[in-house]
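Here's the structure, in structure tokens; my notes come after.
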Amino acid sequence: MPGKMNPKKPPIAAVIDIDSSELRLHIAQARTHPESEREGVRYLESLRYPLSLGRDTFHAGKMRFDKVDRACEVIKNFLLAAKGYGVRHVRTVANAEAREAMNIDYILDQIKIKTGVNVDLMDDLDEKRLIYKLLSHYAEDSLKQSALMVYIGTGNIGVNLLENGRVPQTWNIPVGSLRMGELFGQLQEYTREFHRLLEEYLMSFTQHLAAAIPQGIAHFIVSGQEIDLIARLTGVDAADAPLFALPRACLLELGEKIKRKTPERIAAEFNLPIEKADALLPAVCIYQNLLALTQAQTLSASRMLPCDAVLFDMLHPKRFAAMDKRLARSTEISVRLLAERYRCNMAHGKQVRDFALAIFDKLKKLHGLGTRDKLLLNVAAILHETGEFVNIRDHHLHSYDIVRASDIVGLGAKETEIVALICRYHSWLAPWEGDACYAVLEREEKVRVSKLVALLKLADALDRSYTQKFSEIDTRLTDGALTITVSTQTNAALEQWAFAEKGQFFAEVFGLKAQLRVRKV
């Protein structure tokens, strides 16, 4: 009788993370927790090398090349370590703060030349989306019914409001532990009330959150670089669990211990490197200020960072893709709230959205766009007239400014910019090389934006009167033409005129004539 075949070995992946304060290597293997059948990772090796690149960026606006040379040597050693585990593909990422370095393009070029590694440069919103997806995967459903989910980076904070398992609102705040230390570090030597300065500075951001966040939030889910250190200093056993409990009282007690001490004294008392001591007090102040917006008596804390989410995605790509679908529903809620805030005509927005998505689906083989593009078109259709809140004249330009400055759940900075551009061009203006907003895009992105703009222009024309004359549309694609047939009891001359005008750009992009047929009922 033949013996049983060995089960397929779980995949192994590796991530190199270029962070503001250190370089990290994580090598991990996919695993499923038998008790819950929930996907996870088993870390085989985690290496760290302290190297403060972020401090140079915050202070001087540039990274020093001598430190980059050291980083390249570390990266090459990390690659050798990964090779020892049989890892063929190592993904290298850099955190959002690296984008602030004026010489970042030269830095990434040198890393490529000296190590052969292409570095994926994340933006703030991408980091927050990654960590949200990972934490929401591990968090129990009971936590997600009423919680603030917070990721505190070295330079920025991401805050998500969770209600009934959805994320109706998100905020991206330009504050972080290292950034605050660099802003005010010198003042700490001259005052014992340094913590009050930090708290007052934070208040300028958190008072806005306090007005927007409903009272009675039950839970506080948090991740950040300093959380592991805080757990150790408070005597909390973080174990190896993705989430662990950190009592509120322990955090407050640690704050009292360190708030009047200099980084040098904190480093000496707790046996810490000065870089970690520098960031500790700002981090604790941030946690305390945000925690005060909730009723949580225990923090659900995680040591996981965006690089851990990247690793999870490499090992469980299908699961991570499924999370995007759930997050898309939160995106729609967030967008509706944003549209209501700017007093958009919701009936018009929904009508335009329905028509735009119907046209999108009919032209799948022609436009070659994907599920993510459909979501961006959905968002742009609801938000395309937010600019009327400022004024009707040139409202499309104001829509662009409002959207690109907004925090939209589930969208990264690049995707938010694409949505803003679609809004900018939905009216009479069309994408052209003379417009700086459009000219800076890569060629592929220009084509992507133009396709989505062409679809939205047609959909918007079908409700030019804002009266929802057509309850549904019939879309047919034939050789050389896109024909949209509508039925109505009222005069549709305005829509026919608008459709003919906006159909010109559609023909430019797709090489097809767009024609509207009106059937009287």
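So you can find residues: chains in the structure tokens are A, B, ... in the order shown, residues in each start at 1, and ligands are numbered from 1 in order.
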
Excluding region 107-121 of chain A and residues on its chain fewer than 4 positions from it, collect all residues at most 8 Å away from it, counting only C-alpha atoms, and give them as a PyMOL selection string.
chain A and resi 63+65+68+72+75-76+91-96+98-99+103

Please provide the set of residues having any atom within 12 Å of Ile266 (chain A), restricted to only C-alpha atoms, with same-chain residues fewer than 4 positions apart removed, written as a ChimeraX atom specification.
/A:233,254-255,257-262,270-281

Per DSSP on the backbone, filter region 216-447 of chain A down to the residues in alpha helix (DSSP H) and report them as an MDAnalysis selection string.
chainID A and resid 227:233 248:258 263:270 274:291 306:315 317:341 346:362 364:367 371:383 395:404 413:424 436:439 443:447

Nearest candidate to Lys350 (chain A) (options A:Gln295, A:Ser21, A:Thr467, A:Gln288; using only C-alpha atoms)
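Distance minimum relative to Lys350 (chain A) lands on A:Thr467.
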
Residues within 10 Å of Gly224 (chain A), only C-alpha atoms, excluding chain neighbours under 3 positions, as a list of chain:residue names
A:Ile131, A:Val150, A:Tyr151, A:Ile152, A:Gly153, A:Thr154, A:Ile157, A:Gly176, A:Ser177, A:Ile227, A:Asp228, A:Leu229, A:Ala283, A:Tyr287, A:Ala301, A:Ser302, A:Arg303, A:Met304, A:Leu305, A:Pro306

Output file for the selection above: N, CA, C and O atoms, as a CSV table (one decimal), in the first residue's frame:
```
chain,number,residue,atom,x,y,z
A,131,ILE,N,-2.4,48.4,7.9
A,131,ILE,CA,-2.5,48.0,9.3
A,131,ILE,C,-3.9,47.8,9.7
A,131,ILE,O,-4.2,46.9,10.5
A,150,VAL,N,-6.2,52.6,16.1
A,150,VAL,CA,-5.2,53.7,15.9
A,150,VAL,C,-3.9,53.0,15.6
A,150,VAL,O,-3.5,52.1,16.2
A,151,TYR,N,-3.2,53.6,14.6
A,151,TYR,CA,-1.9,53.2,14.3
A,151,TYR,C,-1.0,54.5,14.4
A,151,TYR,O,-1.3,55.5,13.8
A,152,ILE,N,0.0,54.4,15.3
A,152,ILE,CA,0.9,55.6,15.5
A,152,ILE,C,2.2,55.3,14.9
A,152,ILE,O,3.0,54.4,15.4
A,153,GLY,N,2.5,56.0,13.8
A,153,GLY,CA,3.8,55.9,13.2
A,153,GLY,C,4.8,56.9,13.8
A,153,GLY,O,4.5,57.6,14.7
A,154,THR,N,6.0,56.9,13.2
A,154,THR,CA,7.0,57.9,13.7
A,154,THR,C,6.6,59.3,13.3
A,154,THR,O,7.0,60.3,14.0
A,157,ILE,N,-0.2,59.7,12.4
A,157,ILE,CA,-1.2,58.8,13.1
A,157,ILE,C,-2.4,58.6,12.2
A,157,ILE,O,-2.9,59.5,11.6
A,176,GLY,N,3.5,62.4,15.0
A,176,GLY,CA,4.0,61.1,15.4
A,176,GLY,C,5.1,61.2,16.5
A,176,GLY,O,5.5,62.3,16.8
A,177,SER,N,5.5,60.1,17.0
A,177,SER,CA,6.4,60.1,18.2
A,177,SER,C,7.7,60.7,17.8
A,177,SER,O,8.2,61.6,18.5
A,227,ILE,N,4.6,50.5,21.2
A,227,ILE,CA,3.7,49.7,22.0
A,227,ILE,C,4.4,48.5,22.7
A,227,ILE,O,4.1,48.2,23.9
A,228,ASP,N,5.3,47.9,22.0
A,228,ASP,CA,6.0,46.8,22.6
A,228,ASP,C,6.9,47.3,23.8
A,228,ASP,O,7.0,46.6,24.8
A,229,LEU,N,7.6,48.4,23.6
A,229,LEU,CA,8.4,49.0,24.7
A,229,LEU,C,7.5,49.4,25.9
A,229,LEU,O,7.9,49.1,27.0
A,283,ALA,N,5.1,59.4,22.5
A,283,ALA,CA,4.2,58.3,22.2
A,283,ALA,C,3.2,58.1,23.3
A,283,ALA,O,2.0,57.9,23.0
A,287,TYR,N,-0.9,58.3,22.9
A,287,TYR,CA,-1.8,57.2,23.4
A,287,TYR,C,-2.8,57.7,24.4
A,287,TYR,O,-4.0,57.4,24.3
A,301,ALA,N,-3.8,45.9,22.3
A,301,ALA,CA,-2.6,46.4,21.7
A,301,ALA,C,-1.9,45.4,20.7
A,301,ALA,O,-2.1,44.2,20.9
A,302,SER,N,-1.2,45.9,19.8
A,302,SER,CA,-0.5,45.0,18.8
A,302,SER,C,0.9,45.6,18.5
A,302,SER,O,1.0,46.8,18.3
A,303,ARG,N,1.8,44.7,18.4
A,303,ARG,CA,3.2,45.1,18.0
A,303,ARG,C,3.3,45.1,16.5
A,303,ARG,O,4.4,45.5,15.9
A,304,MET,N,2.3,44.7,15.8
A,304,MET,CA,2.3,44.6,14.3
A,304,MET,C,2.4,46.0,13.6
A,304,MET,O,1.8,46.9,14.0
A,305,LEU,N,3.2,46.0,12.6
A,305,LEU,CA,3.4,47.2,11.8
A,305,LEU,C,3.0,47.0,10.3
A,305,LEU,O,2.7,45.8,9.9
A,306,PRO,N,3.0,48.0,9.5
A,306,PRO,CA,2.6,47.8,8.1
A,306,PRO,C,3.4,46.7,7.4
A,306,PRO,O,2.9,46.0,6.5
```

Could you pull the residues within 12 Å of Glu39 (chain A), counting only C-alpha atoms, minus those fewer than 4 positions along the same chain, as a PDB file with N, CA and C atoms, in the first residue's frame?
```pdb
ATOM      1  N   PRO A  10       4.041  24.751   3.696  1.00  0.00           N
ATOM      2  CA  PRO A  10       3.509  26.126   3.664  1.00  0.00           C
ATOM      3  C   PRO A  10       4.542  27.088   3.092  1.00  0.00           C
ATOM      4  N   GLN A  29       6.417  32.058   7.787  1.00  0.00           N
ATOM      5  CA  GLN A  29       5.770  30.962   7.070  1.00  0.00           C
ATOM      6  C   GLN A  29       4.266  31.044   7.298  1.00  0.00           C
ATOM      7  N   ALA A  30       3.501  30.725   6.274  1.00  0.00           N
ATOM      8  CA  ALA A  30       2.045  30.739   6.408  1.00  0.00           C
ATOM      9  C   ALA A  30       1.597  29.627   7.350  1.00  0.00           C
ATOM     10  N   ARG A  31       0.559  29.950   8.107  1.00  0.00           N
ATOM     11  CA  ARG A  31      -0.040  28.915   8.948  1.00  0.00           C
ATOM     12  C   ARG A  31      -1.501  29.264   9.187  1.00  0.00           C
ATOM     13  N   THR A  32      -2.274  28.236   9.546  1.00  0.00           N
ATOM     14  CA  THR A  32      -3.672  28.416   9.915  1.00  0.00           C
ATOM     15  C   THR A  32      -3.838  27.959  11.346  1.00  0.00           C
ATOM     16  N   HIS A  33      -4.450  28.813  12.167  1.00  0.00           N
ATOM     17  CA  HIS A  33      -4.685  28.449  13.562  1.00  0.00           C
ATOM     18  C   HIS A  33      -5.794  27.403  13.614  1.00  0.00           C
ATOM     19  N   PRO A  34      -5.488  26.189  14.076  1.00  0.00           N
ATOM     20  CA  PRO A  34      -6.470  25.111  14.024  1.00  0.00           C
ATOM     21  C   PRO A  34      -7.726  25.387  14.832  1.00  0.00           C
ATOM     22  N   GLU A  35      -7.577  26.118  15.947  1.00  0.00           N
ATOM     23  CA  GLU A  35      -8.746  26.333  16.794  1.00  0.00           C
ATOM     24  C   GLU A  35      -9.751  27.291  16.158  1.00  0.00           C
ATOM     25  N   LEU A 134      -4.940  44.279   8.619  1.00  0.00           N
ATOM     26  CA  LEU A 134      -4.321  43.237   9.429  1.00  0.00           C
ATOM     27  C   LEU A 134      -4.950  43.169  10.820  1.00  0.00           C
ATOM     28  N   HIS A 137      -8.396  41.737  10.813  1.00  0.00           N
ATOM     29  CA  HIS A 137      -8.377  40.285  10.610  1.00  0.00           C
ATOM     30  C   HIS A 137      -8.227  39.554  11.949  1.00  0.00           C
ATOM     31  N   TYR A 138      -7.367  40.081  12.811  1.00  0.00           N
ATOM     32  CA  TYR A 138      -7.094  39.403  14.079  1.00  0.00           C
ATOM     33  C   TYR A 138      -8.063  39.798  15.202  1.00  0.00           C
ATOM     34  N   PRO A 242      -1.246  38.099  18.384  1.00  0.00           N
ATOM     35  CA  PRO A 242      -1.368  39.298  17.538  1.00  0.00           C
ATOM     36  C   PRO A 242      -1.883  40.504  18.319  1.00  0.00           C
ATOM     37  N   PHE A 312       1.894  39.342   5.511  1.00  0.00           N
ATOM     38  CA  PHE A 312       0.650  38.576   5.512  1.00  0.00           C
ATOM     39  C   PHE A 312       0.070  38.498   4.104  1.00  0.00           C
ATOM     40  N   ASP A 313       0.120  39.617   3.382  1.00  0.00           N
ATOM     41  CA  ASP A 313      -0.398  39.666   2.012  1.00  0.00           C
ATOM     42  C   ASP A 313       0.371  38.714   1.105  1.00  0.00           C
ATOM     43  N   LEU A 315       1.816  35.946   2.006  1.00  0.00           N
ATOM     44  CA  LEU A 315       1.556  34.563   2.395  1.00  0.00           C
ATOM     45  C   LEU A 315       0.093  34.160   2.211  1.00  0.00           C
ATOM     46  N   HIS A 316      -0.812  35.123   2.326  1.00  0.00           N
ATOM     47  CA  HIS A 316      -2.247  34.840   2.203  1.00  0.00           C
ATOM     48  C   HIS A 316      -2.908  35.854   1.261  1.00  0.00           C
ATOM     49  N   PRO A 317      -2.512  35.886   0.000  1.00  0.00           N
ATOM     50  CA  PRO A 317      -3.026  36.917  -0.908  1.00  0.00           C
ATOM     51  C   PRO A 317      -4.540  36.874  -1.097  1.00  0.00           C
ATOM     52  N   LYS A 318      -5.135  35.696  -1.125  1.00  0.00           N
ATOM     53  CA  LYS A 318      -6.585  35.601  -1.324  1.00  0.00           C
ATOM     54  C   LYS A 318      -7.332  36.182  -0.132  1.00  0.00           C
ATOM     55  N   ARG A 319      -6.845  35.886   1.069  1.00  0.00           N
ATOM     56  CA  ARG A 319      -7.495  36.409   2.269  1.00  0.00           C
ATOM     57  C   ARG A 319      -7.388  37.927   2.309  1.00  0.00           C
ATOM     58  N   PHE A 320      -6.221  38.454   1.958  1.00  0.00           N
ATOM     59  CA  PHE A 320      -6.030  39.905   1.987  1.00  0.00           C
ATOM     60  C   PHE A 320      -6.910  40.581   0.939  1.00  0.00           C
TER      61      PHE A 320
END
```

Contacts of Gln496 (chain A) at 8 Å or less, counting only C-alpha atoms, minus same-chain residues fewer than 6 places along, as a ChimeraX atom specification?
/A:461-462,516

Using only C-alpha atoms, which of A:Asp435, A:Arg464, A:Gln207, A:Pro282 sits nearest Phe194 (chain A)?
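Counting only C-alpha atoms, the residue closest to Phe194 (chain A) is A:Pro282.
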
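For the pair CA of Leu44 (chain A) and CA of Asp324 (chain A), the separation is 27.3 Å.
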
Name the closest residue to Ile221 (chain A) among the candidates A:Asp240, A:Glu256, A:Glu140, A:Asp19; distances are taken between atoms, counting only C-alpha atoms.
A:Glu140

Excluding region 199-204 of chain A and its own-chain neighbours fewer than 2 positions away, which residues fall within 9 Å of it when counting only C-alpha atoms? Please give them as JSON, numbers by chain.
{"A": [175, 194, 195, 196, 197, 206, 207, 208, 282, 285, 286, 289]}

Using N, CA and C atoms, can you export the residues from the last selection as an mmCIF file, in the first residue's frame?
```cif
data_model
loop_
_atom_site.group_PDB
_atom_site.id
_atom_site.type_symbol
_atom_site.label_atom_id
_atom_site.label_comp_id
_atom_site.auth_asym_id
_atom_site.auth_seq_id
_atom_site.Cartn_x
_atom_site.Cartn_y
_atom_site.Cartn_z
ATOM 1 N N VAL A 175 1.134 63.858 12.901
ATOM 2 C CA VAL A 175 1.819 63.869 14.190
ATOM 3 C C VAL A 175 2.331 62.457 14.440
ATOM 4 N N PHE A 194 7.452 69.910 30.102
ATOM 5 C CA PHE A 194 7.510 69.592 28.688
ATOM 6 C C PHE A 194 6.285 68.795 28.240
ATOM 7 N N HIS A 195 5.803 67.926 29.123
ATOM 8 C CA HIS A 195 4.653 67.102 28.770
ATOM 9 C C HIS A 195 3.419 67.956 28.494
ATOM 10 N N ARG A 196 3.317 69.107 29.178
ATOM 11 C CA ARG A 196 2.172 69.983 28.936
ATOM 12 C C ARG A 196 2.236 70.596 27.534
ATOM 13 N N LEU A 197 3.438 70.922 27.103
ATOM 14 C CA LEU A 197 3.607 71.435 25.745
ATOM 15 C C LEU A 197 3.133 70.387 24.731
ATOM 16 N N THR A 206 -6.666 66.649 18.499
ATOM 17 C CA THR A 206 -7.642 65.756 19.114
ATOM 18 C C THR A 206 -8.974 66.447 19.418
ATOM 19 N N GLN A 207 -8.971 67.768 19.572
ATOM 20 C CA GLN A 207 -10.255 68.426 19.822
ATOM 21 C C GLN A 207 -11.158 68.329 18.594
ATOM 22 N N HIS A 208 -10.548 68.285 17.416
ATOM 23 C CA HIS A 208 -11.330 68.062 16.198
ATOM 24 C C HIS A 208 -11.918 66.656 16.204
ATOM 25 N N PRO A 282 6.622 61.345 23.879
ATOM 26 C CA PRO A 282 5.630 61.733 22.867
ATOM 27 C C PRO A 282 4.640 60.612 22.552
ATOM 28 N N CYS A 285 2.124 60.255 25.403
ATOM 29 C CA CYS A 285 1.181 61.385 25.355
ATOM 30 C C CYS A 285 0.133 61.188 24.260
ATOM 31 N N ILE A 286 0.566 60.702 23.102
ATOM 32 C CA ILE A 286 -0.366 60.469 22.001
ATOM 33 C C ILE A 286 -1.386 59.402 22.393
ATOM 34 N N ASN A 289 -3.920 60.786 24.975
ATOM 35 C CA ASN A 289 -4.873 61.736 24.412
ATOM 36 C C ASN A 289 -5.956 61.041 23.586
#
```
